[in-house]
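Written below as structure tokens is the structure these notes are about.
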Amino acid sequence: MQRFDIICPCHFGLEAVLKKEIQDLGYEIARTEDGRIIFHGDPDAVVMANIHLRTAERVLICCAEFEARTFDELFEGVKAVRWEDYIPRDGRFWVKKASSVNSKLFSPRDIQAIVKKAMVDHLSGVYGVTHFEESGNDYPLRVFINKDHVTLGLDTTGDSLHKRGYRPDAGEAPIAENLAAALILLTPWRADRYLTDPFCGSGTFAIEAAMIARNIAPGLDRSFTAEAWDNFIDKKLWYKAVSEAHEEIKEDIRCDIQGYDIDSKVLEAARDNAKRAGVLDTIHFQKRAASELSHHGKYGFVITNPPYGERLETAKTLPGIYGDLGNAMKRLDTWSFYVITSYADAEKYIGRKAEKNRKVYNGMIQARYLSFPGPKPPKKVKPEL
Ligand SMILES: C[S@@+](CC[C@H](N)C(=O)[O-])C[C@H]1O[C@@H](n2cnc3c(N)ncnc32)[C@H](O)[C@@H]1O
């Protein structure tokens, strides 16, 4: 069976969470870089990573790495790759994206053109044709150049992995599903502890938490580009992985997850999303203002993404909203609060300094993940759901 280096890009700053996910799947990490993890695997690893990883952006097969400071070097480096190991005679291949940082070669359009030309040149020799019909399956390539070091990654995923398939109706300013999952996995929350999102919007945190609790693989309800690559990834691997993942779903788990919001319309969307994700019965959605946040239980978790001034009219209400959150912390004094926000005065109006303040990116917006951990529950008194 073929062995590859598999590249998984992720959100900057959250590499450790993805690394642990990959290790938990049983794969050996080759190295960690800013914004991506590289690990060793076979075709089955490609399948498992696409279906199971909650925090990755996509899964790429590394076809080659080399240094290039001129277009000639880039051409020769690409031409030397055994593309026939991946791309069949009728495959449709192109450079989906080229990016370059601190490198001599920087024009994405020129990089795309040279790489495609070199691939055609190599494959023409192998297949003995001068013209490619490209009438078969898609084989998109992504090219990264960092400090003149070129990486060629064949994209096995297609639409980014944050698109699980459950959220066509995102409310305003939704958080990416893979970012929400990473932020949850960064906390000590486990399925036997309460979890509330008082600003739930389209329900992303609640849904991701419920999927984690019930062990629902994030890729079960979507397709992947590499599903069609039966020239080197046996279709049976996909069927097997999907059927095993279905068997591993915990149907009877008890957990206590709430999503609140003041907007009834977004709550409707959140319920529809949860239904599509198969976790509606695991989450309690309700219309409730953050000022009314309360809970009968102890030692729970609030994980949330409050408004951060994404619209002018909300900007004026921010001091009040963050003040409500601060008051909730006083009422729920055994709870832990985790807040992602790009509102600079968040801590000022919450009235408390975060114990940890981690820089993360929510799309293009730089945000901070503020941790206000509460006390640990006494060993014997496990909070009962
Ligand atoms: C940044 S969005 C949350 C997005 C959410 N994480 C998602 O993925 O869709 C903030 C949400 O807070 C809600 N909101 C604003 N003020 C509120 C308040 N005082 N109490 C409760 N919810 C509020 C808004 O309706 C909006 O849905």
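So you can find residues: chains in the structure tokens are A, B, ... in the order shown, residues in each start at 1, and ligands are numbered from 1 in order.
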
Please identify the strand (DSSP E or B) residues within segment 68-113 of chain A (assignment by DSSP from backbone atoms) and present them as a ChimeraX atom specification. /A:92-101

Residues within 9 Å of segment 296-311 of chain A, only C-alpha atoms, excluding chain neighbours under 5 positions, as number ranges by chain: A: 172-175, 183-184, 187, 189, 193-201, 205-206, 316-318, 321-322, 332-344, 346, 373-377, 383-385

Deliver the residues from the most recent selection as a file, using C-alpha atoms, as a compact mmCIF listing (two decimals), in the first residue's frame.
# COMPACT_ATOMS: atom_id res chain seq x y z
CA GLU A 172 -25.07 36.47 11.26
CA ALA A 173 -21.36 36.22 12.06
CA PRO A 174 -21.34 32.44 12.51
CA ILE A 175 -18.19 30.80 13.79
CA LEU A 183 -12.24 25.79 21.01
CA ILE A 184 -14.41 23.19 22.76
CA THR A 187 -11.34 23.22 27.36
CA TRP A 189 -15.36 20.06 29.10
CA ARG A 193 -20.54 18.24 32.38
CA TYR A 194 -23.11 20.94 31.61
CA LEU A 195 -22.49 23.18 28.62
CA THR A 196 -24.31 26.40 27.73
CA ASP A 197 -23.89 28.88 24.90
CA PRO A 198 -25.87 32.03 25.84
CA PHE A 199 -25.25 33.65 22.41
CA CYS A 200 -25.76 30.53 20.33
CA GLY A 201 -26.78 32.07 16.97
CA PHE A 205 -20.95 25.40 19.67
CA ALA A 206 -23.94 23.42 20.98
CA LYS A 316 -23.49 50.38 21.17
CA THR A 317 -24.95 47.46 23.12
CA LEU A 318 -21.60 45.72 23.74
CA ILE A 321 -23.87 42.53 26.82
CA TYR A 322 -20.38 41.90 28.27
CA LEU A 332 -22.62 30.76 38.27
CA ASP A 333 -19.56 30.97 40.47
CA THR A 334 -18.57 27.30 40.12
CA TRP A 335 -18.74 27.44 36.31
CA SER A 336 -15.95 27.89 33.77
CA PHE A 337 -16.38 30.51 31.06
CA TYR A 338 -14.64 30.46 27.66
CA VAL A 339 -15.29 33.43 25.39
CA ILE A 340 -14.08 34.05 21.82
CA THR A 341 -14.34 37.69 20.89
CA SER A 342 -12.63 40.46 18.97
CA TYR A 343 -14.15 43.15 21.20
CA ALA A 344 -11.14 44.94 22.69
CA ALA A 346 -14.46 42.53 26.61
CA PRO A 373 -11.78 28.57 34.49
CA GLY A 374 -13.91 27.82 37.53
CA PRO A 375 -13.04 25.54 40.44
CA LYS A 376 -12.71 21.80 39.80
CA PRO A 377 -15.63 19.72 41.12
CA PRO A 383 -22.16 16.79 38.96
CA GLU A 384 -25.26 14.75 38.12
CA LEU A 385 -27.04 15.39 34.84

For segment 288-294 of chain A, work out the shell of residues within 9 Å, counting only C-alpha atoms and skipping chain neighbours fewer than 3 positions away, then give it as number ranges by chain. A: 198-199, 260-263, 321, 323-325, 327-328, 331-332

Which residue out of A:Ala210, A:Val360, A:Ala277, A:Arg167 has the minimum interatomic distance to ligand 1 when only C-alpha atoms and all ligand atoms are used?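 Using only C-alpha atoms and all ligand atoms, ligand 1 sits closest to A:Arg167.
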
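The residue set within 12 Å of Thr32 of chain A, counting only C-alpha atoms and dropping same-chain residues fewer than 6 places from it, reads A:Ile6, A:Ile7, A:Cys8, A:Pro9, A:Cys10, A:Phe12, A:Gly13, A:Leu14, A:Glu15, A:Ala16, A:Val17, A:Leu18, A:Lys19, A:Lys20, A:Ile22, A:Ile38, A:Phe39.
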
Do you know which residues are at most 7 Å from Ala181 of chain A counting only C-alpha atoms, after dropping those on the same chain fewer than 6 positions away, and could you put them as a ChimeraX atom specification? /A:54-55,208

Those in segment 50-250 of chain A with alpha helix (DSSP H) from DSSP, as number ranges by chain: A: 50-52, 71-79, 108-127, 177-185, 204-213, 235-247

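Residues with any atom within 9 Å of Leu237 of chain A, counting only C-alpha atoms and excluding same-chain neighbours fewer than 4 positions away, are Pro43, Asp44, Val47, Met48, Ile233, Ala241 and Val242 of chain A.
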
List as a ChimeraX atom specification the protein and nucleic acid residues near segment 73-76 of chain A, meaning an atom at most 12 Å away when only C-alpha atoms are counted, but skip any in the same chain fewer than 2 places from it. /A:64-71,78-81,104-106,110-122,143-145,148-152

Residue subset to file, keeping N, CA and C atoms, as a compact mmCIF listing (two decimals), in the first residue's frame:
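The new file result05.txt reads:
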# COMPACT_ATOMS: atom_id res chain seq x y z
N ALA A 64 5.27 16.31 -3.33
CA ALA A 64 6.70 16.62 -3.38
C ALA A 64 6.98 17.89 -2.58
N GLU A 65 8.24 17.98 -2.14
CA GLU A 65 8.73 19.22 -1.51
C GLU A 65 10.12 19.46 -2.07
N PHE A 66 10.42 20.69 -2.41
CA PHE A 66 11.75 21.02 -2.92
C PHE A 66 11.96 22.52 -2.85
N GLU A 67 13.21 22.94 -3.10
CA GLU A 67 13.52 24.37 -3.09
C GLU A 67 13.40 24.91 -4.51
N ALA A 68 12.86 26.11 -4.67
CA ALA A 68 12.82 26.74 -6.00
C ALA A 68 12.88 28.25 -5.86
N ARG A 69 13.87 28.83 -6.53
CA ARG A 69 13.99 30.29 -6.51
C ARG A 69 13.72 30.88 -7.88
N THR A 70 13.66 30.00 -8.91
CA THR A 70 13.38 30.47 -10.27
C THR A 70 12.26 29.60 -10.84
N PHE A 71 11.64 30.11 -11.92
CA PHE A 71 10.57 29.32 -12.54
C PHE A 71 11.12 28.03 -13.15
N VAL A 78 8.56 20.15 -10.31
CA VAL A 78 7.21 19.60 -10.52
C VAL A 78 7.27 18.46 -11.53
N LYS A 79 8.06 18.65 -12.56
CA LYS A 79 8.15 17.64 -13.63
C LYS A 79 8.73 16.31 -13.11
N ALA A 80 9.55 16.40 -12.07
CA ALA A 80 10.20 15.18 -11.54
C ALA A 80 9.25 14.29 -10.74
N VAL A 81 8.06 14.79 -10.41
CA VAL A 81 7.14 14.00 -9.57
C VAL A 81 6.49 12.89 -10.40
N LYS A 104 11.11 34.11 -3.42
CA LYS A 104 11.46 34.79 -4.68
C LYS A 104 10.28 34.70 -5.66
N LEU A 105 9.67 33.52 -5.74
CA LEU A 105 8.53 33.34 -6.64
C LEU A 105 7.27 33.74 -5.87
N PHE A 106 6.56 34.72 -6.39
CA PHE A 106 5.43 35.19 -5.59
C PHE A 106 4.13 35.35 -6.37
N ASP A 110 1.40 33.05 -12.14
CA ASP A 110 2.54 32.45 -12.84
C ASP A 110 2.89 31.08 -12.25
N ILE A 111 2.82 30.99 -10.92
CA ILE A 111 3.12 29.70 -10.28
C ILE A 111 2.12 28.65 -10.77
N GLN A 112 0.84 29.04 -10.80
CA GLN A 112 -0.19 28.10 -11.26
C GLN A 112 0.10 27.63 -12.68
N ALA A 113 0.44 28.58 -13.56
CA ALA A 113 0.66 28.24 -14.97
C ALA A 113 1.88 27.31 -15.14
N ILE A 114 2.97 27.63 -14.45
CA ILE A 114 4.21 26.83 -14.60
C ILE A 114 3.99 25.41 -14.06
N VAL A 115 3.31 25.32 -12.92
CA VAL A 115 3.12 24.00 -12.31
C VAL A 115 2.26 23.13 -13.24
N LYS A 116 1.19 23.70 -13.76
CA LYS A 116 0.32 22.91 -14.66
C LYS A 116 1.12 22.47 -15.89
N LYS A 117 1.92 23.39 -16.44
CA LYS A 117 2.71 23.06 -17.64
C LYS A 117 3.66 21.89 -17.36
N ALA A 118 4.30 21.93 -16.19
CA ALA A 118 5.27 20.87 -15.84
C ALA A 118 4.55 19.54 -15.62
N MET A 119 3.33 19.60 -15.07
CA MET A 119 2.57 18.36 -14.87
C MET A 119 2.19 17.76 -16.22
N VAL A 120 1.74 18.62 -17.14
CA VAL A 120 1.37 18.16 -18.48
C VAL A 120 2.60 17.55 -19.16
N ASP A 121 3.73 18.22 -19.01
CA ASP A 121 4.95 17.76 -19.64
C ASP A 121 5.32 16.34 -19.16
N HIS A 122 5.25 16.15 -17.84
CA HIS A 122 5.58 14.84 -17.28
C HIS A 122 4.58 13.78 -17.75
N VAL A 143 -0.50 24.58 -4.09
CA VAL A 143 0.95 24.83 -4.04
C VAL A 143 1.23 25.89 -2.98
N PHE A 144 2.12 25.57 -2.04
CA PHE A 144 2.54 26.56 -1.05
C PHE A 144 4.04 26.78 -1.23
N ILE A 145 4.45 28.04 -1.24
CA ILE A 145 5.89 28.32 -1.24
C ILE A 145 6.18 29.18 -0.02
N ASP A 148 11.02 30.05 -0.17
CA ASP A 148 11.51 29.34 -1.37
C ASP A 148 11.38 27.81 -1.27
N HIS A 149 10.70 27.34 -0.24
CA HIS A 149 10.48 25.89 -0.11
C HIS A 149 9.08 25.58 -0.66
N VAL A 150 9.06 24.75 -1.71
CA VAL A 150 7.80 24.46 -2.39
C VAL A 150 7.18 23.18 -1.84
N THR A 151 5.87 23.22 -1.57
CA THR A 151 5.15 22.01 -1.18
C THR A 151 3.98 21.83 -2.15
N LEU A 152 3.87 20.62 -2.71
CA LEU A 152 2.77 20.33 -3.63
C LEU A 152 1.80 19.38 -2.94

Which is closest to ligand 1 among A:Arg109, A:Lys265, A:Arg82, A:Lys359, if we use only C-alpha atoms and all ligand atoms?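 Going through A:Arg109, A:Lys265, A:Arg82, A:Lys359 one by one, the smallest distance to ligand 1 is for A:Lys265.
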
Between A:Thr130, A:Gln23, A:Lys147, A:Leu154, which is the closest to Cys63 of chain A once you count only C-alpha atoms? A:Leu154

With distances taken over only C-alpha atoms, which of A:Pro140, A:Asn146, A:Ala182, A:Glu84 is nearest to Glu21 of chain A?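 For Glu21 of chain A, the nearest of the given residues is A:Ala182.
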